[in-house]
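Okay, coords.pdb is below, PDB, C-alpha atoms:
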```pdb
ATOM      1  CA  MET J 162     -57.896  -0.950 -22.994
ATOM      2  CA  ASP J 163     -54.196  -0.396 -23.363
ATOM      3  CA  ARG J 164     -53.098   2.588 -25.419
ATOM      4  CA  GLU J 165     -49.573   1.218 -25.636
ATOM      5  CA  LYS J 166     -50.954  -1.775 -27.565
ATOM      6  CA  ARG J 167     -53.629   0.033 -29.573
ATOM      7  CA  ASP J 168     -54.084   3.772 -29.482
ATOM      8  CA  HIS J 169     -57.334   4.073 -31.473
ATOM      9  CA  TYR J 170     -60.363   2.144 -32.708
ATOM     10  CA  ILE J 171     -62.624   2.666 -35.772
ATOM     11  CA  LEU J 172     -66.287   1.821 -35.189
ATOM     12  CA  ASN J 173     -68.939   1.305 -37.866
ATOM     13  CA  LEU J 174     -72.236   2.688 -36.556
ATOM     14  CA  THR J 175     -75.319   1.504 -38.427
ATOM     15  CA  ILE J 176     -78.953   2.440 -37.842
ATOM     16  CA  TYR J 177     -82.002   0.899 -39.510
ATOM     17  CA  ASP J 178     -85.778   0.874 -39.153
ATOM     18  CA  PHE J 179     -88.307  -1.927 -39.158
ATOM     19  CA  GLY J 180     -90.290  -0.712 -42.147
ATOM     20  CA  ARG J 181     -90.824  -2.503 -45.369
ATOM     21  CA  PRO J 182     -88.671  -2.067 -47.221
ATOM     22  CA  GLN J 183     -86.175  -1.590 -44.411
ATOM     23  CA  LYS J 184     -84.100   1.585 -44.499
ATOM     24  CA  ALA J 185     -80.606   1.988 -42.961
ATOM     25  CA  ALA J 186     -77.762   4.495 -42.611
ATOM     26  CA  TRP J 187     -74.165   4.180 -41.268
ATOM     27  CA  ARG J 188     -71.245   6.279 -40.134
ATOM     28  CA  LEU J 189     -67.612   5.551 -39.135
ATOM     29  CA  LEU J 190     -66.562   6.628 -35.626
ATOM     30  CA  THR J 191     -62.883   6.894 -34.697
ATOM     31  CA  VAL J 192     -62.150   6.467 -30.972
ATOM     32  CA  HIS J 193     -58.747   7.702 -29.735
ATOM     33  CA  ILE J 194     -57.406   6.311 -26.465
ATOM     34  CA  VAL J 195     -56.097   9.013 -24.148
ATOM     35  CA  ASP J 196     -52.798   8.154 -22.457
ATOM     36  CA  THR J 197     -52.557   7.720 -18.703
ATOM     37  CA  ASN J 198     -49.361   7.184 -16.732
ATOM     38  CA  ASP J 199     -49.617   3.422 -16.405
ATOM     39  CA  ASN J 200     -46.081   2.385 -17.455
ATOM     40  CA  ALA J 201     -42.836   2.644 -15.543
ATOM     41  CA  PRO J 202     -39.569   3.331 -17.380
ATOM     42  CA  GLN J 203     -37.727   0.133 -18.286
ATOM     43  CA  PHE J 204     -33.948  -0.154 -18.595
ATOM     44  CA  LEU J 205     -32.608  -1.795 -21.731
ATOM     45  CA  GLN J 206     -30.471  -4.087 -19.525
ATOM     46  CA  GLU J 207     -31.204  -5.702 -16.186
ATOM     47  CA  GLY J 208     -27.733  -4.723 -14.990
ATOM     48  CA  TYR J 209     -24.571  -3.057 -16.232
ATOM     49  CA  ARG J 210     -20.912  -3.875 -15.679
ATOM     50  CA  ILE J 211     -17.862  -1.864 -16.689
ATOM     51  CA  VAL J 212     -14.095  -1.970 -16.086
ATOM     52  CA  ILE J 213     -12.157   1.314 -15.932
ATOM     53  CA  PRO J 214      -8.562   2.212 -14.960
ATOM     54  CA  GLU J 215      -8.186   3.381 -11.385
ATOM     55  CA  ASN J 216      -6.528   6.597 -12.596
ATOM     56  CA  THR J 217      -9.556   7.637 -14.662
ATOM     57  CA  ALA J 218      -9.723  11.427 -14.566
ATOM     58  CA  ILE J 219     -12.534  13.346 -12.897
ATOM     59  CA  GLY J 220     -15.205  14.229 -15.446
ATOM     60  CA  THR J 221     -14.587  11.188 -17.640
ATOM     61  CA  VAL J 222     -17.719   9.529 -19.052
ATOM     62  CA  ILE J 223     -17.644   5.808 -18.255
ATOM     63  CA  ILE J 224     -21.024   4.536 -19.512
ATOM     64  CA  GLN J 225     -24.492   5.573 -20.620
ATOM     65  CA  VAL J 226     -27.525   3.751 -19.282
ATOM     66  CA  GLU J 227     -30.854   3.990 -21.057
ATOM     67  CA  ALA J 228     -34.458   3.425 -20.098
ATOM     68  CA  THR J 229     -37.619   3.830 -22.176
ATOM     69  CA  ASP J 230     -41.193   4.635 -21.174
ATOM     70  CA  LYS J 231     -44.111   3.720 -23.452
ATOM     71  CA  ASP J 232     -46.278   6.513 -22.102
ATOM     72  CA  LEU J 233     -46.688   9.775 -24.001
ATOM     73  CA  GLY J 234     -45.625  13.314 -23.174
ATOM     74  CA  VAL J 235     -44.293  14.023 -19.731
ATOM     75  CA  ASN J 236     -45.474  10.565 -18.682
ATOM     76  CA  GLY J 237     -42.877   9.123 -21.042
ATOM     77  CA  GLU J 238     -40.027  11.470 -20.175
ATOM     78  CA  VAL J 239     -37.287   9.669 -18.226
ATOM     79  CA  VAL J 240     -35.271  11.244 -15.417
ATOM     80  CA  TYR J 241     -32.161   9.450 -14.122
ATOM     81  CA  SER J 242     -30.631   9.582 -10.646
ATOM     82  CA  LEU J 243     -28.201   7.670  -8.435
ATOM     83  CA  LEU J 244     -29.715   5.948  -5.436
ATOM     84  CA  THR J 245     -26.290   5.025  -4.067
ATOM     85  CA  SER J 246     -24.751   7.755  -1.944
ATOM     86  CA  THR J 247     -21.320   8.494  -3.420
ATOM     87  CA  THR J 248     -18.990  11.395  -4.133
ATOM     88  CA  LEU J 249     -17.066   9.477  -6.789
ATOM     89  CA  PHE J 250     -19.706   9.108  -9.505
ATOM     90  CA  GLY J 251     -22.481  11.213 -10.972
ATOM     91  CA  ILE J 252     -25.194  10.776 -13.592
ATOM     92  CA  ASN J 253     -26.759  13.147 -16.089
ATOM     93  CA  SER J 254     -30.451  13.234 -15.213
ATOM     94  CA  THR J 255     -31.500  13.713 -18.840
ATOM     95  CA  ASN J 256     -29.441  11.252 -20.883
ATOM     96  CA  GLY J 257     -28.217   8.698 -18.314
ATOM     97  CA  ILE J 258     -24.509   9.364 -18.843
ATOM     98  CA  VAL J 259     -22.465   8.207 -15.829
ATOM     99  CA  TYR J 260     -19.197  10.032 -15.151
ATOM    100  CA  VAL J 261     -16.407  10.189 -12.555
ATOM    101  CA  THR J 262     -16.609  12.919  -9.905
ATOM    102  CA  GLY J 263     -13.832  11.918  -7.467
ATOM    103  CA  GLN J 264     -10.372  10.406  -7.183
ATOM    104  CA  LEU J 265     -10.475   6.611  -7.522
ATOM    105  CA  ASP J 266      -8.020   4.233  -5.861
ATOM    106  CA  ARG J 267      -8.202   0.485  -6.422
ATOM    107  CA  GLU J 268      -5.942  -0.166  -3.433
ATOM    108  CA  LEU J 269      -8.608   1.383  -1.183
ATOM    109  CA  VAL J 270     -11.792   0.180  -2.927
ATOM    110  CA  PRO J 271     -11.467  -2.235  -5.882
ATOM    111  CA  PHE J 272     -15.060  -1.985  -7.154
ATOM    112  CA  TYR J 273     -18.352  -0.131  -6.657
ATOM    113  CA  ASN J 274     -21.955  -1.316  -6.872
ATOM    114  CA  LEU J 275     -24.226   1.552  -7.865
ATOM    115  CA  LYS J 276     -28.022   1.645  -7.971
ATOM    116  CA  ILE J 277     -29.534   3.794 -10.717
ATOM    117  CA  LYS J 278     -33.147   4.946 -10.755
ATOM    118  CA  ALA J 279     -35.165   5.898 -13.830
ATOM    119  CA  ARG J 280     -38.501   7.632 -13.181
ATOM    120  CA  ASP J 281     -41.031   9.319 -15.399
ATOM    121  CA  ASN J 282     -41.832  13.015 -15.271
ATOM    122  CA  ALA J 283     -45.579  12.750 -14.777
ATOM    123  CA  ASP J 284     -47.243  15.914 -13.488
ATOM    124  CA  ILE J 285     -50.380  14.126 -12.284
ATOM    125  CA  GLY J 286     -50.345  11.313  -9.760
ATOM    126  CA  ARG J 287     -47.333   9.425  -8.563
ATOM    127  CA  HIS J 288     -44.177   8.941 -10.581
ATOM    128  CA  LYS J 289     -43.452   5.451 -11.771
ATOM    129  CA  PHE J 290     -39.869   4.196 -11.736
ATOM    130  CA  SER J 291     -37.527   1.239 -12.091
ATOM    131  CA  VAL J 292     -34.047   0.509 -10.740
ATOM    132  CA  THR J 293     -30.984  -1.139 -12.270
ATOM    133  CA  SER J 294     -27.489  -1.887 -10.992
ATOM    134  CA  LEU J 295     -24.108  -0.752 -12.296
ATOM    135  CA  LYS J 296     -20.921  -2.499 -11.157
ATOM    136  CA  VAL J 297     -17.790  -0.423 -11.714
ATOM    137  CA  ILE J 298     -14.585  -2.475 -11.470
ATOM    138  CA  LEU J 299     -11.298  -0.608 -11.114
ATOM    139  CA  GLU J 300      -8.415  -1.881 -13.197
ATOM    140  CA  ASP J 301      -5.051  -1.695 -11.464
ATOM    141  CA  VAL J 302      -2.529   0.942 -12.494
ATOM    142  CA  ASN J 303       1.054   0.907 -11.225
ATOM    143  CA  ASP J 304       0.649   3.904  -8.927
ATOM    144  CA  CYS J 305       2.174   2.588  -5.682
ATOM    145  CA  PRO J 306       5.950   2.418  -5.131
ATOM    146  CA  PRO J 307       7.302  -0.385  -2.917
ATOM    147  CA  LEU J 308       6.987   0.472   0.775
ATOM    148  CA  PHE J 309       9.772  -0.656   3.095
ATOM    149  CA  ILE J 310       8.810  -2.260   6.418
ATOM    150  CA  PRO J 311      10.264  -0.645   8.487
ATOM    151  CA  SER J 312      11.344   2.506   6.687
ATOM    152  CA  VAL J 313      14.933   2.250   8.027
ATOM    153  CA  TYR J 314      16.760  -0.888   9.168
ATOM    154  CA  LYS J 315      19.200  -1.404  12.018
ATOM    155  CA  ALA J 316      21.061  -4.707  12.340
ATOM    156  CA  ARG J 317      23.853  -6.153  14.482
ATOM    157  CA  ALA J 318      26.342  -8.877  13.593
ATOM    158  CA  LEU J 319      29.133 -10.583  15.517
ATOM    159  CA  GLU J 320      32.488  -9.976  13.920
ATOM    160  CA  ASP J 321      33.234 -13.709  13.658
ATOM    161  CA  ILE J 322      30.082 -14.849  11.806
ATOM    162  CA  PRO J 323      30.841 -17.091   8.807
ATOM    163  CA  LEU J 324      30.676 -15.900   5.226
ATOM    164  CA  GLY J 325      27.238 -16.252   3.662
ATOM    165  CA  THR J 326      25.411 -15.427   6.897
ATOM    166  CA  VAL J 327      22.287 -13.295   6.453
ATOM    167  CA  VAL J 328      22.844 -10.067   8.386
ATOM    168  CA  ALA J 329      19.507  -8.416   7.487
ATOM    169  CA  TRP J 330      16.232  -9.151   5.712
ATOM    170  CA  ILE J 331      14.674  -6.401   3.622
ATOM    171  CA  GLU J 332      10.900  -6.457   3.235
ATOM    172  CA  THR J 333       8.507  -4.321   1.218
ATOM    173  CA  GLN J 334       4.818  -4.107   0.453
ATOM    174  CA  ASP J 335       3.437  -3.114  -2.953
ATOM    175  CA  PRO J 336      -0.368  -3.307  -3.246
ATOM    176  CA  ASP J 337      -0.322  -3.065  -7.041
ATOM    177  CA  LEU J 338      -1.296  -6.175  -9.001
ATOM    178  CA  GLY J 339       0.706  -8.212 -11.489
ATOM    179  CA  PHE J 340       4.115  -6.901 -12.497
ATOM    180  CA  GLY J 341       3.401  -3.656 -10.656
ATOM    181  CA  GLY J 342       3.480  -5.564  -7.367
ATOM    182  CA  GLN J 343       6.603  -7.623  -8.109
ATOM    183  CA  VAL J 344       9.632  -6.098  -6.379
ATOM    184  CA  ARG J 345      13.342  -6.582  -7.045
ATOM    185  CA  TYR J 346      16.085  -5.422  -4.672
ATOM    186  CA  SER J 347      19.575  -4.075  -5.301
ATOM    187  CA  LEU J 348      22.456  -2.611  -3.288
ATOM    188  CA  VAL J 349      23.406   0.925  -4.196
ATOM    189  CA  ASN J 350      26.653   0.530  -2.216
ATOM    190  CA  ASP J 351      28.161  -2.782  -1.071
ATOM    191  CA  HIS J 352      31.320  -1.465   0.623
ATOM    192  CA  SER J 353      33.691  -2.922  -1.978
ATOM    193  CA  GLY J 354      31.971  -6.276  -2.128
ATOM    194  CA  TRP J 355      31.580  -6.849   1.615
ATOM    195  CA  PHE J 356      27.888  -7.634   1.207
ATOM    196  CA  GLU J 357      25.521  -9.051  -1.407
ATOM    197  CA  LEU J 358      21.754  -8.735  -1.681
ATOM    198  CA  ASP J 359      19.400 -11.395  -3.030
ATOM    199  CA  ARG J 360      17.306  -9.471  -5.558
ATOM    200  CA  ASN J 361      14.238 -11.643  -5.003
ATOM    201  CA  SER J 362      14.143 -12.348  -1.254
ATOM    202  CA  GLY J 363      15.790  -9.188   0.090
ATOM    203  CA  ALA J 364      18.375 -11.135   2.135
ATOM    204  CA  ILE J 365      21.664  -9.305   2.741
ATOM    205  CA  ARG J 366      24.562 -11.745   3.159
ATOM    206  CA  LEU J 367      28.152 -11.321   4.276
ATOM    207  CA  THR J 368      30.760 -11.941   1.566
ATOM    208  CA  LYS J 369      33.931 -10.821   3.393
ATOM    209  CA  GLU J 370      35.013 -11.301   6.995
ATOM    210  CA  LEU J 371      34.145  -8.606   9.503
ATOM    211  CA  ASP J 372      36.687  -7.157  11.903
ATOM    212  CA  TYR J 373      35.500  -4.983  14.753
ATOM    213  CA  GLU J 374      39.003  -3.603  15.258
ATOM    214  CA  ILE J 375      38.977  -2.244  11.682
ATOM    215  CA  GLN J 376      35.358  -1.092  11.194
ATOM    216  CA  GLN J 377      32.463  -1.055  13.641
ATOM    217  CA  PHE J 378      29.631   0.247  11.414
ATOM    218  CA  TYR J 379      28.478  -0.195   7.826
ATOM    219  CA  ASN J 380      25.819   1.981   6.201
ATOM    220  CA  LEU J 381      24.138   0.299   3.234
ATOM    221  CA  THR J 382      21.714   1.816   0.730
ATOM    222  CA  VAL J 383      19.078  -0.542  -0.682
ATOM    223  CA  LYS J 384      16.838   0.126  -3.668
ATOM    224  CA  ALA J 385      13.494  -1.633  -4.240
ATOM    225  CA  LYS J 386      11.993  -1.365  -7.724
ATOM    226  CA  ASP J 387       8.787  -2.881  -9.064
ATOM    227  CA  LYS J 388       8.344  -4.320 -12.563
ATOM    228  CA  GLY J 389       5.400  -2.146 -13.559
ATOM    229  CA  LYS J 390       4.839  -1.185 -17.190
ATOM    230  CA  PRO J 391       5.259   1.217 -18.874
ATOM    231  CA  VAL J 392       6.791   2.945 -15.842
ATOM    232  CA  SER J 393       8.305   1.165 -12.843
ATOM    233  CA  LEU J 394       8.406   2.782  -9.397
ATOM    234  CA  LEU J 395      11.154   2.564  -6.801
ATOM    235  CA  SER J 396      11.953   3.357  -3.173
ATOM    236  CA  VAL J 397      15.196   3.597  -1.205
ATOM    237  CA  THR J 398      15.998   2.611   2.375
ATOM    238  CA  PHE J 399      19.091   2.561   4.557
ATOM    239  CA  VAL J 400      20.554  -0.298   6.583
ATOM    240  CA  GLU J 401      22.842   0.471   9.527
ATOM    241  CA  LEU J 402      24.886  -2.605  10.449
ATOM    242  CA  GLU J 403      26.738  -2.590  13.764
ATOM    243  CA  VAL J 404      29.639  -5.005  14.172
ATOM    244  CA  ILE J 405      29.778  -6.581  17.639
ATOM    245  CA  ASP J 406      33.167  -7.242  19.150
ATOM    246  CA  VAL J 407      33.965 -10.866  19.975
ATOM    247  CA  ASN J 408      36.324 -11.800  22.826
ATOM    248  CA  GLU J 409      39.177 -12.807  20.599
ATOM    249  CA  ASN J 410      41.841 -11.811  23.178
ATOM    250  CA  LEU J 411      44.594 -11.950  20.598
ATOM    251  CA  TYR J 412      47.170  -9.915  22.476
ATOM    252  CA  ALA J 413      48.686 -10.164  25.969
ATOM    253  CA  PRO J 414      49.158  -7.046  28.091
ATOM    254  CA  TYR J 415      52.707  -5.720  28.217
ATOM    255  CA  PHE J 416      54.612  -3.222  30.344
ATOM    256  CA  SER J 417      56.533  -0.403  28.742
ATOM    257  CA  HIS J 418      59.487  -1.129  31.101
ATOM    258  CA  PHE J 419      60.822  -4.505  32.096
ATOM    259  CA  ALA J 420      61.676  -3.288  35.633
ATOM    260  CA  LEU J 421      60.764  -0.263  37.719
ATOM    261  CA  THR J 422      62.407   1.175  40.844
ATOM    262  CA  GLY J 423      60.569   2.896  43.618
ATOM    263  CA  ILE J 424      61.933   4.618  46.753
ATOM    264  CA  VAL J 425      60.141   4.976  50.052
ATOM    265  CA  GLU J 426      61.276   6.174  53.468
ATOM    266  CA  GLU J 427      61.461   3.521  56.124
ATOM    267  CA  ASN J 428      59.041   5.324  58.385
ATOM    268  CA  ALA J 429      56.481   6.036  55.642
ATOM    269  CA  PRO J 430      52.939   5.482  56.908
ATOM    270  CA  THR J 431      50.645   2.788  55.517
ATOM    271  CA  GLY J 432      48.949   3.929  52.302
ATOM    272  CA  THR J 433      51.870   5.949  51.042
ATOM    273  CA  THR J 434      52.076   5.900  47.229
ATOM    274  CA  LEU J 435      55.279   4.333  46.043
ATOM    275  CA  LEU J 436      54.882   4.414  42.252
ATOM    276  CA  GLN J 437      52.417   3.712  39.430
ATOM    277  CA  VAL J 438      52.898   1.003  36.850
ATOM    278  CA  SER J 439      51.320   1.117  33.407
ATOM    279  CA  ALA J 440      50.646  -1.612  30.841
ATOM    280  CA  GLN J 441      49.056  -1.697  27.378
ATOM    281  CA  ASP J 442      46.866  -4.232  25.543
ATOM    282  CA  GLU J 443      46.227  -4.093  21.784
ATOM    283  CA  ASP J 444      42.820  -5.766  22.171
ATOM    284  CA  VAL J 445      39.710  -3.589  22.280
ATOM    285  CA  GLY J 446      36.679  -3.763  24.466
ATOM    286  CA  ARG J 447      36.754  -6.062  27.453
ATOM    287  CA  ASP J 448      39.710  -7.940  25.965
ATOM    288  CA  GLY J 449      41.762  -4.779  26.266
ATOM    289  CA  GLU J 450      40.858  -3.990  29.872
ATOM    290  CA  ILE J 451      43.833  -4.393  32.237
ATOM    291  CA  HIS J 452      43.759  -5.378  35.908
ATOM    292  CA  TYR J 453      46.886  -5.168  38.077
ATOM    293  CA  SER J 454      47.967  -7.450  40.928
ATOM    294  CA  ILE J 455      51.139  -8.374  42.868
ATOM    295  CA  ARG J 456      51.841 -12.050  42.288
ATOM    296  CA  ASP J 457      55.305 -12.682  43.764
ATOM    297  CA  GLY J 458      58.458 -11.154  45.205
ATOM    298  CA  SER J 459      60.183 -10.411  48.495
ATOM    299  CA  GLY J 460      57.746  -7.601  49.285
ATOM    300  CA  LEU J 461      54.673  -9.813  48.992
ATOM    301  CA  GLY J 462      52.323  -8.892  51.804
ATOM    302  CA  ARG J 463      54.017  -5.562  52.522
ATOM    303  CA  PHE J 464      52.808  -3.754  49.438
ATOM    304  CA  ALA J 465      49.461  -3.498  47.648
ATOM    305  CA  ILE J 466      48.435  -2.290  44.183
ATOM    306  CA  ASP J 467      45.207  -0.777  42.887
ATOM    307  CA  GLU J 468      43.951  -3.303  40.342
ATOM    308  CA  GLU J 469      42.532  -0.634  38.063
ATOM    309  CA  THR J 470      45.027   2.264  38.234
ATOM    310  CA  GLY J 471      48.280   0.365  38.894
ATOM    311  CA  VAL J 472      49.194   2.611  41.876
TER
END
```

Once more with this new file: its structure as structure tokens, please.
Amino acid sequence: MDREKRDHYILNLTIYDFGRPQKAAWRLLTVHIVDTNDNAPQFLQEGYRIVIPENTAIGTVIIQVEATDKDLGVNGEVVYSLLTSTTLFGINSTNGIVYVTGQLDRELVPFYNLKIKARDNADIGRHKFSVTSLKVILEDVNDCPPLFIPSVYKARALEDIPLGTVVAWIETQDPDLGFGGQVRYSLVNDHSGWFELDRNSGAIRLTKELDYEIQQFYNLTVKAKDKGKPVSLLSVTFVELEVIDVNENLYAPYFSHFALTGIVEENAPTGTTLLQVSAQDEDVGRDGEIHYSIRDGSGLGRFAIDEETGV
């Protein structure tokens, strides 16, 4: 017998004798089937799937699962629980409401597969139960600003590089999806048009000629902004560009005096200092370094000069 299909029966009991004439009597007997815990709770769906924003607040109800049990009384009472170990979701044991209990982040974990158990509340014998699955998919929210790689840039450029040369590449990462992950770049300061920045690729190009003798360093501020809606996020980085001197050697050394006169006693010992000459060079760096030497004259071989000091 199965009480869940038929919970009672009505029997017609008849008795009769074998006399002549035959006598008989009858009564109706109602038989009620007593319930036993022979049914497990059954979920209304084989599996559940839901999409929620990744910034869903703690305590928010995201779905209600439901299971039914054909048994009566405590045998038909359903108790819900999560089989999956998690600190991010919880379930109401009485009504099957699933809610958020922790901070979600799609960039760390984009979805969760939860196992939910529904068991009866039988007080005699073993509990019967069934299990269903719940897939929670996190919908992206623009919660990550662009991240510069590296956080600060240092670049070097020769002073004679042609216009249009890329002096630095700016790169960012934004794990958000869609428009929230699309980044556009801009220069906060371009030093009066000396540089331009490609808003899509992050390439910084030279637009005016460099001159080490005028300026050796440029400090640029770059902004990266995503296209997230309704709010876009941005980050700022700094680019330090060092200009490298090139051996242009534009200027020749020159002496401050066309001719110098020195006096020395005729018996002066070897190594006696006679005088010191001095020259200047408008070039900088190695191009402006001066070395002295005696090239000609009647005293050639009798006098010597320190190539660095001019003594």

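Here CA of Thr262 (chain J) stands at a distance of 4.9 Å from CA of Phe250 (chain J).
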
For this file, the PyMOL selection byres ((chain J and resi 293-296) around 7) selects which residues, as a PyMOL selection string? chain J and resi 207-211+273-278+291-292+297-298

How would the residues just picked look written out with C-alpha atoms as a PDB file, in the coordinates of the input?
```
ATOM      1  CA  GLU J 207     -31.204  -5.702 -16.186  1.00  0.00           C
ATOM      2  CA  GLY J 208     -27.733  -4.723 -14.990  1.00  0.00           C
ATOM      3  CA  TYR J 209     -24.571  -3.057 -16.232  1.00  0.00           C
ATOM      4  CA  ARG J 210     -20.912  -3.875 -15.679  1.00  0.00           C
ATOM      5  CA  ILE J 211     -17.862  -1.864 -16.689  1.00  0.00           C
ATOM      6  CA  TYR J 273     -18.352  -0.131  -6.657  1.00  0.00           C
ATOM      7  CA  ASN J 274     -21.955  -1.316  -6.872  1.00  0.00           C
ATOM      8  CA  LEU J 275     -24.226   1.552  -7.865  1.00  0.00           C
ATOM      9  CA  LYS J 276     -28.022   1.645  -7.971  1.00  0.00           C
ATOM     10  CA  ILE J 277     -29.534   3.794 -10.717  1.00  0.00           C
ATOM     11  CA  LYS J 278     -33.147   4.946 -10.755  1.00  0.00           C
ATOM     12  CA  SER J 291     -37.527   1.239 -12.091  1.00  0.00           C
ATOM     13  CA  VAL J 292     -34.047   0.509 -10.740  1.00  0.00           C
ATOM     14  CA  VAL J 297     -17.790  -0.423 -11.714  1.00  0.00           C
ATOM     15  CA  ILE J 298     -14.585  -2.475 -11.470  1.00  0.00           C
TER      16      ILE J 298
END
```

Quick check on the file I pasted: which residues fall under the PyMOL selection byres ((chain J and resi 201) around 10)? Write them as a ChimeraX atom specification. /J:198-200,202-204,228-232,236-237,239,279-281,288-291

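Among J:Glu215, J:Asp351, J:Asp467, J:Glu332, the residue with the shortest atom-to-atom distance to Ala364 (chain J), counting only C-alpha atoms, is J:Glu332.
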
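Here CA of Thr368 (chain J) and CA of Asn380 (chain J) stand 15.5 Å from one another.
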
Given all atoms listed in the file as the counted atoms, nearest of J:Val222, J:Leu338, J:Ala283, J:Ile171 to His193 (chain J): J:Ile171

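Here the PyMOL selection byres ((chain J and resi 433) around 12) catches exactly these residues: Gly423, Ile424, Val425, Glu426, Glu427, Asn428, Ala429, Pro430, Thr431, Gly432, Thr434, Leu435, Leu436, Gln437, Arg463, Phe464, Ala465, Ile466 and Val472 of chain J.
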
Separation of CA of Arg345 (chain J) from CA of Arg360 (chain J) in Å: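 Going from CA of Arg360 (chain J) over to CA of Arg345 (chain J), I get 5.1 Å.
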
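Among the candidates J:Asp448, J:Pro323, J:Asn303, J:Asp335, the one nearest to Val392 (chain J) when counting all atoms listed in the file is J:Asn303.
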
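Across J:Pro214, J:Pro414, J:Gly458, J:Gly286, the tightest approach to Phe272 (chain J) is made by J:Pro214 when counting only C-alpha atoms.
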
Edge lengths and centre, in Å to one decimal, as AutoDock Vina command-line options: that's what I need for the box along x, y and z that holds all listed atoms of region 230-238 of chain J plus 6 Å on each side.
```
--center_x -43.4 --center_y 8.9 --center_z -21.3 --size_x 18.7 --size_y 22.3 --size_z 17.3
```

Pick out the closest residue to Lys315 (chain J) from this set: J:Val270, J:Ala385, J:Val261, J:Leu402. Count all atoms listed in the file. J:Leu402

For Ser393 (chain J), which residue out of J:Pro336, J:Gly462, J:Pro306, J:Pro311 is the nearest one, using all atoms listed in the file? J:Pro306

Distance query 6 Å from (-35.3, 14.0, -17.8) using only C-alpha atoms, result as a list in words: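 The distance filter leaves exactly Glu238, Val239, Val240, Ser254 and Thr255 of chain J.
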
Near Leu367 (chain J), within 7 Å and counting all atoms listed in the file, which residues show up once chain neighbours fewer than 5 positions away are dropped, as an mmCIF file with C-alpha atoms, in the coordinates of the input?
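Generated output (part-v2.cif):
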```
data_model
loop_
_atom_site.group_PDB
_atom_site.id
_atom_site.type_symbol
_atom_site.label_atom_id
_atom_site.label_comp_id
_atom_site.auth_asym_id
_atom_site.auth_seq_id
_atom_site.Cartn_x
_atom_site.Cartn_y
_atom_site.Cartn_z
ATOM 1 C CA LEU J 324 30.676 -15.900 5.226
ATOM 2 C CA GLY J 325 27.238 -16.252 3.662
ATOM 3 C CA THR J 326 25.411 -15.427 6.897
ATOM 4 C CA VAL J 327 22.287 -13.295 6.453
ATOM 5 C CA VAL J 328 22.844 -10.067 8.386
ATOM 6 C CA TRP J 355 31.580 -6.849 1.615
ATOM 7 C CA PHE J 356 27.888 -7.634 1.207
ATOM 8 C CA GLU J 357 25.521 -9.051 -1.407
#
```

Near-Leu395 (chain J) list (10 Å; all atoms listed in the file; drop same-chain fewer than 4 positions) as a VMD selection string: chain J and resid 305 to 308 344 to 346 384 to 388

Write out as a PDB file with C-alpha atoms, keeping the file's coordinate frame which residues come within 12 Å of Ile310 (chain J) when counting only C-alpha atoms, dropping same-chain ones fewer than 3 positions away.
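For reference, part24.pdb as written:
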```pdb
ATOM      1  CA  PRO J 307       7.302  -0.385  -2.917  1.00  0.00           C
ATOM      2  CA  VAL J 313      14.933   2.250   8.027  1.00  0.00           C
ATOM      3  CA  TYR J 314      16.760  -0.888   9.168  1.00  0.00           C
ATOM      4  CA  LYS J 315      19.200  -1.404  12.018  1.00  0.00           C
ATOM      5  CA  TRP J 330      16.232  -9.151   5.712  1.00  0.00           C
ATOM      6  CA  ILE J 331      14.674  -6.401   3.622  1.00  0.00           C
ATOM      7  CA  GLU J 332      10.900  -6.457   3.235  1.00  0.00           C
ATOM      8  CA  THR J 333       8.507  -4.321   1.218  1.00  0.00           C
ATOM      9  CA  GLN J 334       4.818  -4.107   0.453  1.00  0.00           C
ATOM     10  CA  ASP J 335       3.437  -3.114  -2.953  1.00  0.00           C
ATOM     11  CA  GLY J 363      15.790  -9.188   0.090  1.00  0.00           C
ATOM     12  CA  ALA J 385      13.494  -1.633  -4.240  1.00  0.00           C
ATOM     13  CA  SER J 396      11.953   3.357  -3.173  1.00  0.00           C
ATOM     14  CA  VAL J 397      15.196   3.597  -1.205  1.00  0.00           C
ATOM     15  CA  THR J 398      15.998   2.611   2.375  1.00  0.00           C
ATOM     16  CA  PHE J 399      19.091   2.561   4.557  1.00  0.00           C
ATOM     17  CA  VAL J 400      20.554  -0.298   6.583  1.00  0.00           C
TER      18      VAL J 400
END
```

Taking (32.8, -12.9, 20.9) in the file's own coordinates, collect the residues within 10 Å, counting all atoms listed in the file, and hand them back as a list in words.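 With a cut-off of 10 Å, the residues come to Leu319, Glu320, Asp321, Ile322, Ile405, Asp406, Val407, Asn408, Glu409, Asn410 and Asp448 of chain J.
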
Since the input is missing atoms for region 377-381 of chain J, could you rebuild it with N, CA and C atoms and give the result as a PDB file, in the frame of the given file?
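Saved to selection.pdb:
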```pdb
ATOM      1  N   GLN J 377      33.541  -0.684  12.726  1.00  0.00           N
ATOM      2  CA  GLN J 377      32.463  -1.055  13.641  1.00  0.00           C
ATOM      3  C   GLN J 377      31.066  -0.851  13.043  1.00  0.00           C
ATOM      4  N   PHE J 378      30.943  -0.037  11.993  1.00  0.00           N
ATOM      5  CA  PHE J 378      29.631   0.247  11.414  1.00  0.00           C
ATOM      6  C   PHE J 378      29.715   0.227   9.884  1.00  0.00           C
ATOM      7  N   TYR J 379      28.632  -0.244   9.281  1.00  0.00           N
ATOM      8  CA  TYR J 379      28.478  -0.195   7.826  1.00  0.00           C
ATOM      9  C   TYR J 379      27.113   0.417   7.528  1.00  0.00           C
ATOM     10  N   ASN J 380      27.073   1.369   6.629  1.00  0.00           N
ATOM     11  CA  ASN J 380      25.819   1.981   6.201  1.00  0.00           C
ATOM     12  C   ASN J 380      25.555   1.591   4.751  1.00  0.00           C
ATOM     13  N   LEU J 381      24.487   0.811   4.558  1.00  0.00           N
ATOM     14  CA  LEU J 381      24.138   0.299   3.234  1.00  0.00           C
ATOM     15  C   LEU J 381      22.909   1.032   2.701  1.00  0.00           C
TER      16      LEU J 381
END
```
